[in-house]
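Source file: structure14.txt (compact mmCIF, C-alpha atoms)
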# COMPACT_ATOMS: atom_id res chain seq x y z
CA MET A 1 -8.76 38.32 -117.24
CA LYS A 2 -5.12 37.26 -117.51
CA TYR A 3 -6.22 33.77 -118.48
CA SER A 4 -8.44 35.16 -121.24
CA LYS A 5 -5.64 37.34 -122.65
CA ARG A 6 -3.25 34.43 -122.52
CA ASN A 7 -5.69 32.21 -124.42
CA ASN A 8 -6.20 34.92 -127.01
CA LEU A 9 -2.45 35.22 -127.53
CA ILE A 10 -2.11 31.47 -127.87
CA LEU A 11 -5.00 31.39 -130.33
CA LEU A 12 -3.46 34.21 -132.38
CA PHE A 13 -0.05 32.54 -132.42
CA THR A 14 -1.58 29.20 -133.41
CA THR A 15 -3.58 30.80 -136.22
CA ILE A 16 -0.52 32.56 -137.62
CA SER A 17 1.51 29.35 -137.39
CA LEU A 18 -1.17 27.41 -139.25
CA LEU A 19 -1.36 30.05 -141.98
CA VAL A 20 2.41 30.06 -142.43
CA SER A 21 2.50 26.26 -142.45
CA SER A 22 -0.32 26.08 -144.98
CA LEU A 23 1.40 28.60 -147.22
CA PHE A 24 4.70 26.75 -146.99
CA TYR A 25 3.03 23.40 -147.62
CA GLY A 26 1.10 24.80 -150.57
CA LEU A 27 4.23 26.23 -152.15
CA THR A 28 6.12 23.01 -151.49
CA ALA A 29 3.33 20.89 -152.96
CA ASN A 30 3.08 23.09 -156.05
CA ALA A 31 6.84 23.02 -156.49
CA ALA A 32 6.79 19.24 -156.23
CA ILE A 33 4.12 19.04 -158.92
CA ILE A 34 6.04 21.41 -161.17
CA MET A 35 9.44 19.86 -160.59
CA LYS A 36 8.40 16.26 -161.20
CA PHE A 37 6.40 14.83 -164.08
CA SER A 38 5.14 11.27 -164.03
CA ASP A 39 6.03 10.73 -167.69
CA LEU A 40 9.03 13.01 -168.20
CA ASN A 41 12.41 12.76 -166.48
CA LYS A 42 15.22 15.29 -166.24
CA GLN A 43 17.19 13.54 -168.98
CA HIS A 44 14.48 14.22 -171.57
CA PRO A 45 15.62 16.89 -174.08
CA ALA A 46 12.39 18.82 -173.56
CA TYR A 47 12.47 18.72 -169.75
CA SER A 48 13.76 22.24 -169.03
CA SER A 49 11.43 23.77 -171.63
CA VAL A 50 8.44 21.84 -170.32
CA LEU A 51 9.31 22.83 -166.77
CA TYR A 52 9.33 26.51 -167.72
CA VAL A 53 6.21 26.67 -169.90
CA THR A 54 4.14 24.69 -167.40
CA SER A 55 5.35 26.66 -164.38
CA MET A 56 4.30 29.83 -166.23
CA ASP A 57 0.96 28.20 -167.08
CA TYR A 58 1.48 28.59 -170.82
CA MET A 59 0.97 24.85 -171.28
CA ASN A 60 -1.08 22.55 -169.10
CA VAL A 61 -0.25 19.51 -167.00
CA TYR A 62 -2.69 16.61 -166.88
CA LYS A 63 -3.84 14.56 -163.91
CA ASN A 64 -1.23 12.64 -161.96
CA ALA A 65 1.42 15.17 -163.02
CA ALA A 66 1.46 13.83 -166.58
CA PHE A 67 2.66 16.13 -169.37
CA LYS A 68 1.99 13.69 -172.22
CA PRO A 69 5.02 14.73 -174.31
CA LYS A 70 4.06 12.57 -177.30
CA LYS A 71 0.47 13.81 -177.48
CA ALA A 72 -0.28 15.70 -180.70
CA VAL A 73 -0.80 19.46 -180.51
CA THR A 74 -3.94 20.57 -182.32
CA LYS A 75 -4.14 23.96 -183.99
CA ALA A 76 -6.67 25.02 -181.35
CA ASP A 77 -4.26 23.99 -178.57
CA ALA A 78 -1.36 25.78 -180.26
CA ALA A 79 -3.46 28.95 -180.40
CA LYS A 80 -4.00 28.81 -176.65
CA PHE A 81 -0.37 28.01 -175.79
CA VAL A 82 1.02 30.84 -177.92
CA GLY A 83 -1.79 33.21 -176.97
CA LYS A 84 -1.09 32.78 -173.26
CA ALA A 85 2.69 32.98 -173.70
CA ASN A 86 2.36 36.11 -175.79
CA ASP A 87 -0.11 37.70 -173.38
CA ILE A 88 -2.97 37.73 -175.86
CA SER A 89 -5.98 37.77 -173.57
CA SER A 90 -8.79 35.33 -174.26
CA GLU A 91 -11.06 38.30 -173.61
CA VAL A 92 -9.48 40.33 -176.42
CA LYS A 93 -11.87 42.29 -178.61
CA LEU A 94 -12.46 40.05 -181.57
CA ALA A 95 -11.98 41.16 -185.14
CA SER A 96 -15.43 41.11 -186.72
CA HIS A 97 -14.06 40.24 -190.17
CA ILE A 98 -12.50 36.96 -189.00
CA SER A 99 -14.66 33.87 -189.32
CA PHE A 100 -14.37 30.20 -190.23
CA GLU A 101 -17.00 27.68 -191.26
CA ASP A 102 -15.75 25.20 -188.66
CA VAL A 103 -15.12 27.62 -185.77
CA SER A 104 -17.82 29.07 -183.52
CA HIS A 105 -18.02 30.64 -180.07
CA LYS A 106 -18.36 27.11 -178.71
CA THR A 107 -15.06 26.00 -180.26
CA SER A 108 -12.30 25.37 -177.75
CA ASN A 109 -9.92 28.35 -177.58
CA TYR A 110 -12.11 30.34 -179.97
CA SER A 111 -10.92 33.76 -178.81
CA TYR A 112 -7.25 32.84 -179.19
CA ILE A 113 -7.89 31.45 -182.67
CA ILE A 114 -9.64 34.61 -183.85
CA ALA A 115 -7.18 37.00 -182.19
CA LEU A 116 -4.14 35.25 -183.68
CA THR A 117 -5.71 34.94 -187.12
CA SER A 118 -6.39 38.68 -187.07
CA ILE A 119 -2.61 39.31 -186.89
CA ASP A 120 -1.91 36.75 -189.64
CA ALA A 121 -0.46 34.16 -187.26
CA PHE A 122 -2.81 31.60 -188.83
CA ASP A 123 -3.92 31.30 -192.44
CA HIS A 124 -7.38 32.74 -193.02
CA GLY A 125 -9.28 30.41 -195.32
CA SER A 126 -12.86 29.22 -195.32
CA LYS A 127 -12.01 26.60 -192.67
CA PHE A 128 -9.57 26.54 -189.76
CA TYR A 129 -9.51 22.79 -188.97
CA PRO A 130 -9.05 23.32 -185.19
CA GLN A 131 -8.57 19.63 -184.41
CA ASN A 132 -5.86 19.09 -187.02
CA THR A 133 -2.39 18.57 -185.61
CA ILE A 134 -0.25 21.64 -186.23
CA THR A 135 2.68 21.17 -188.62
CA ARG A 136 6.17 22.61 -188.26
CA GLN A 137 5.61 25.15 -191.03
CA GLU A 138 2.31 26.28 -189.49
CA ALA A 139 4.02 26.59 -186.11
CA ALA A 140 6.78 28.68 -187.71
CA LYS A 141 4.28 31.22 -189.03
CA LEU A 142 2.27 31.21 -185.80
CA ILE A 143 5.29 31.89 -183.60
CA VAL A 144 7.02 34.43 -185.86
CA ASN A 145 3.91 36.58 -186.29
CA ALA A 146 2.55 36.16 -182.75
CA PHE A 147 5.85 37.26 -181.22
CA ASN A 148 6.40 39.87 -183.93
CA LEU A 149 9.86 38.58 -184.80
CA PRO A 150 11.63 40.41 -187.64
CA ILE A 151 11.72 38.32 -190.80
CA LYS A 152 15.11 36.81 -191.61
CA THR A 153 15.63 35.19 -195.00
CA GLY A 154 18.55 33.08 -196.13
CA LYS A 155 17.96 29.72 -194.47
CA GLU A 156 17.52 27.20 -197.26
CA TYR A 157 16.21 23.65 -197.03
CA VAL A 158 15.94 21.05 -199.77
CA ASP A 159 12.31 20.31 -198.88
CA VAL A 160 11.19 23.96 -198.73
CA THR A 161 10.72 25.33 -202.24
CA LYS A 162 10.59 28.98 -203.24
CA HIS A 163 6.87 28.52 -203.86
CA ASN A 164 6.20 27.49 -200.26
CA SER A 165 4.14 30.30 -198.69
CA TYR A 166 5.75 29.54 -195.31
CA LYS A 167 9.30 29.86 -196.66
CA ASP A 168 10.20 33.15 -194.96
CA TYR A 169 8.62 32.10 -191.67
CA ILE A 170 10.58 28.85 -191.75
CA SER A 171 13.81 30.75 -192.43
CA THR A 172 13.05 33.18 -189.61
CA ALA A 173 12.19 30.46 -187.08
CA ALA A 174 15.40 28.65 -187.99
CA SER A 175 17.47 31.85 -187.74
CA TYR A 176 16.25 32.38 -184.19
CA ASN A 177 16.94 28.72 -183.38
CA ILE A 178 13.24 28.12 -182.67
CA LEU A 179 12.67 25.42 -185.28
CA LYS A 180 15.66 24.02 -187.11
CA GLY A 181 16.31 21.56 -189.90
CA ASN A 182 18.19 18.28 -189.67
CA SER A 183 21.64 17.22 -190.81
CA SER A 184 20.27 16.38 -194.26
CA LYS A 185 19.32 20.02 -194.84
CA LYS A 186 15.65 19.15 -194.49
CA PHE A 187 13.16 21.15 -192.45
CA LEU A 188 10.32 18.61 -192.63
CA PRO A 189 7.67 21.34 -193.01
CA GLU A 190 4.70 18.96 -193.00
CA LYS A 191 5.83 17.03 -189.92
CA LYS A 192 3.25 17.17 -187.15
CA MET A 193 4.24 18.45 -183.73
CA ASN A 194 3.76 16.85 -180.34
CA ARG A 195 3.67 18.56 -176.95
CA ALA A 196 7.37 18.06 -176.24
CA ASP A 197 8.31 19.57 -179.63
CA PHE A 198 6.00 22.50 -179.10
CA ALA A 199 7.24 23.20 -175.57
CA ILE A 200 10.81 23.45 -176.86
CA ALA A 201 9.81 25.78 -179.71
CA LEU A 202 7.71 27.95 -177.42
CA LYS A 203 10.51 28.36 -174.87
CA LYS A 204 12.99 29.26 -177.61
CA ALA A 205 10.54 31.80 -179.02
CA LEU A 206 10.24 33.42 -175.60
CA ASP A 207 14.03 33.54 -175.31
CA ALA A 208 14.34 35.11 -178.76
CA LYS A 209 11.73 37.73 -177.92
CA ASP A 210 13.49 38.57 -174.64
CA GLU A 211 16.82 39.01 -176.44
CA LEU A 212 15.23 41.30 -179.02
CA ASP A 213 13.54 43.38 -176.33
CA GLU A 214 16.81 43.70 -174.39
CA SER A 215 18.69 44.67 -177.53
CA MET A 216 16.10 47.33 -178.34
CA ALA A 217 16.22 48.69 -174.79
CA GLU A 218 20.02 48.94 -174.94
CA GLU A 219 19.80 50.71 -178.29
CA ILE A 220 17.35 53.24 -176.88
CA ASP A 221 19.53 53.79 -173.81
CA SER A 222 22.56 54.43 -176.01
CA MET A 223 20.80 57.14 -178.00
CA PRO A 224 22.01 60.66 -177.17
CA ASP A 225 19.75 62.66 -174.90
CA SER A 226 18.34 65.68 -176.71
CA SER A 227 18.84 67.72 -173.54
CA ASP A 228 22.59 67.16 -173.87
CA SER A 229 22.82 68.47 -177.40
CA ASP A 230 24.71 71.69 -178.02
CA ILE A 231 21.93 74.06 -179.01
CA ASP A 232 22.34 77.81 -179.12
CA GLU A 233 19.36 79.09 -177.21
CA THR A 234 20.44 82.75 -177.17
CA GLU A 235 17.71 85.13 -178.09
CA ASP A 236 18.08 87.52 -180.99
CA ASP A 237 18.30 91.17 -180.07
CA ASP A 238 15.50 93.36 -181.31
Give the structure from the file, written as C-alpha cells.
Amino acid sequence: MKYSKRNNLILLFTTISLLVSSLFYGLTANAAIIMKFSDLNKQHPAYSSVLYVTSMDYMNVYKNAAFKPKKAVTKADAAKFVGKANDISSEVKLASHISFEDVSHKTSNYSYIIALTSIDAFDHGSKFYPQNTITRQEAAKLIVNAFNLPIKTGKEYVDVTKHNSYKDYISTAASYNILKGNSSKKFLPEKKMNRADFAIALKKALDAKDELDESMAEEIDSMPDSSDSDIDETEDDD
C-alpha cells in the first residue's frame, strides 16, 4: 500500500514537472520566434514596430521566422492588418449595400474589406482591386477612418493638391506622426507600401489612438461630479 501511494506521488510530481517544463519551453520558444527574425535585425528602423505588431498577431510572420519587410502590402492584406489591430472581427455583420465586382466571399480577407469599406476606410467604387499594392494616401485614409482619428488639417505638401480627395486624411496622418513627408515637403501619395513601412504606420496609429483614449479618459475624470454640485433640494412648504 505504501509503495503504491509513493508511486502515485512520484507520478503526480513528474506529471506536474513535465507540464511546467512544457509551458516554460513553449513560452521560451515563442519568445525566441518573436524576438528574432531571420531577415530583420534590431538595427532595422522598423524592428520595434514589427516586433510589436507581430507579437500581437496583427501582422503575420512567415516560415523560418521571416517577416519579409520589403514584400508589398496588398489592399486585401492591409484590410486584415488594420481590421485585426482595430478589433474589427472577421465575423462582423456585413453591410448588405457594400459590394465590388472583383470581391466575393472567396476573396482573401473579404469580411475585413467589406467591414472597413462600410465605415469609409476604403473607397467604394465598382472595383476594389484587392491585389493592388496599397499606396501611402490610401493607407492614410484607411488608418484615419478605421481608428476614428479626428481630422486635422493644415499639413501641406507640394505633391498633394487641394483637389486630392485624400488631402485631409494625409494631413491627419502626418499630424499624428503616422505617415510623414520628406525633407523636400513631399508626401509621395502614390508611393506603394511594403510590410516594414506598414508595420511602422500601424504601430504609430495604435500609439495615437491610445493617447487619444487616455486624454479623453482624463477629461472625463476631471469633469465635476453632479452629486457634488450645490443644489437646493429643500421642499417648498404647502
Give me, as a VMD selection string, all polymer residues having an atom no more than 7 Å from stretch 168-185 of chain A, counting only C-alpha atoms and skipping those fewer than 5 positions away in the same chain.
chain A and resid 137 140 to 141 144 151 to 155 157 to 158 201 204 to 205 208
Restricted to C-alpha atoms, what would the selected residues look like written as a PDB file, keeping the file's coordinate frame?
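Written file, again.pdb:
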ATOM      1  CA  GLN A 137       5.610  25.150-191.030  1.00  0.00           C
ATOM      2  CA  ALA A 140       6.780  28.680-187.710  1.00  0.00           C
ATOM      3  CA  LYS A 141       4.280  31.220-189.030  1.00  0.00           C
ATOM      4  CA  VAL A 144       7.020  34.430-185.860  1.00  0.00           C
ATOM      5  CA  ILE A 151      11.720  38.320-190.800  1.00  0.00           C
ATOM      6  CA  LYS A 152      15.110  36.810-191.610  1.00  0.00           C
ATOM      7  CA  THR A 153      15.630  35.190-195.000  1.00  0.00           C
ATOM      8  CA  GLY A 154      18.550  33.080-196.130  1.00  0.00           C
ATOM      9  CA  LYS A 155      17.960  29.720-194.470  1.00  0.00           C
ATOM     10  CA  TYR A 157      16.210  23.650-197.030  1.00  0.00           C
ATOM     11  CA  VAL A 158      15.940  21.050-199.770  1.00  0.00           C
ATOM     12  CA  ALA A 201       9.810  25.780-179.710  1.00  0.00           C
ATOM     13  CA  LYS A 204      12.990  29.260-177.610  1.00  0.00           C
ATOM     14  CA  ALA A 205      10.540  31.800-179.020  1.00  0.00           C
ATOM     15  CA  ALA A 208      14.340  35.110-178.760  1.00  0.00           C
TER      16      ALA A 208
END
Atom CA of A:Asp39 sits from atom CA of A:Ala66 at a separation of 5.6 Å
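Distances from A:Asn148, A:Leu188, A:Leu116, A:Phe100 to A:Phe81 were compared using only C-alpha atoms, and the smallest one belongs to A:Leu116.
Each of A:Glu218, A:Asp210, A:Asp197, A:Asp123 was checked against A:Ser99 using all atoms listed in the file; the smallest atom-to-atom distance is that of A:Asp123.
The smallest atom-to-atom distance between A:Val50 and any of A:Pro150, A:Pro189, A:Pro69, A:Pro130, using all atoms listed in the file, is found for A:Pro69.
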Compile the contact shell of A:Leu206 as a PyMOL selection string: residues with an atom at most 10 Å away, counting all atoms listed in the file, same-chain residues fewer than 3 positions apart removed.
chain A and resi 53+82+85-86+143+147+178+201-203+209-212
How about saving the chosen residues, C-alpha atoms kept, as a short mmCIF file (atom, residue, chain, number, x, y, z; two decimals), keeping the file's coordinate frame?
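The resulting file, again_32.cif, is reproduced below:
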data_model
loop_
_atom_site.label_atom_id
_atom_site.label_comp_id
_atom_site.auth_asym_id
_atom_site.auth_seq_id
_atom_site.Cartn_x
_atom_site.Cartn_y
_atom_site.Cartn_z
CA VAL A 53 6.21 26.67 -169.90
CA VAL A 82 1.02 30.84 -177.92
CA ALA A 85 2.69 32.98 -173.70
CA ASN A 86 2.36 36.11 -175.79
CA ILE A 143 5.29 31.89 -183.60
CA PHE A 147 5.85 37.26 -181.22
CA ILE A 178 13.24 28.12 -182.67
CA ALA A 201 9.81 25.78 -179.71
CA LEU A 202 7.71 27.95 -177.42
CA LYS A 203 10.51 28.36 -174.87
CA LYS A 209 11.73 37.73 -177.92
CA ASP A 210 13.49 38.57 -174.64
CA GLU A 211 16.82 39.01 -176.44
CA LEU A 212 15.23 41.30 -179.02
#
Any idea what the distance is between atom CA of A:Val61 and atom CA of A:Ala199?
12.0 Å
Taking 6 positions as the minimum chain separation for residues in the same chain, which residues sit within 9 Å of A:Lys191 when counting all atoms listed in the file? Answer as a PyMOL selection string.
chain A and resi 134-137
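Atom pair atom CA of A:Ile114 / atom CA of A:Tyr58: separated by 18.2 Å.
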Min atom-atom distance to A:Ser38 from the set A:Ser55, A:Asn132, A:Thr117, A:Asn64, counting all atoms listed in the file, belongs to A:Asn64
With distances taken over all atoms listed in the file, the candidate from A:Lys84, A:Lys42, A:Lys75, A:His124 nearest A:Ser108 is A:Lys75
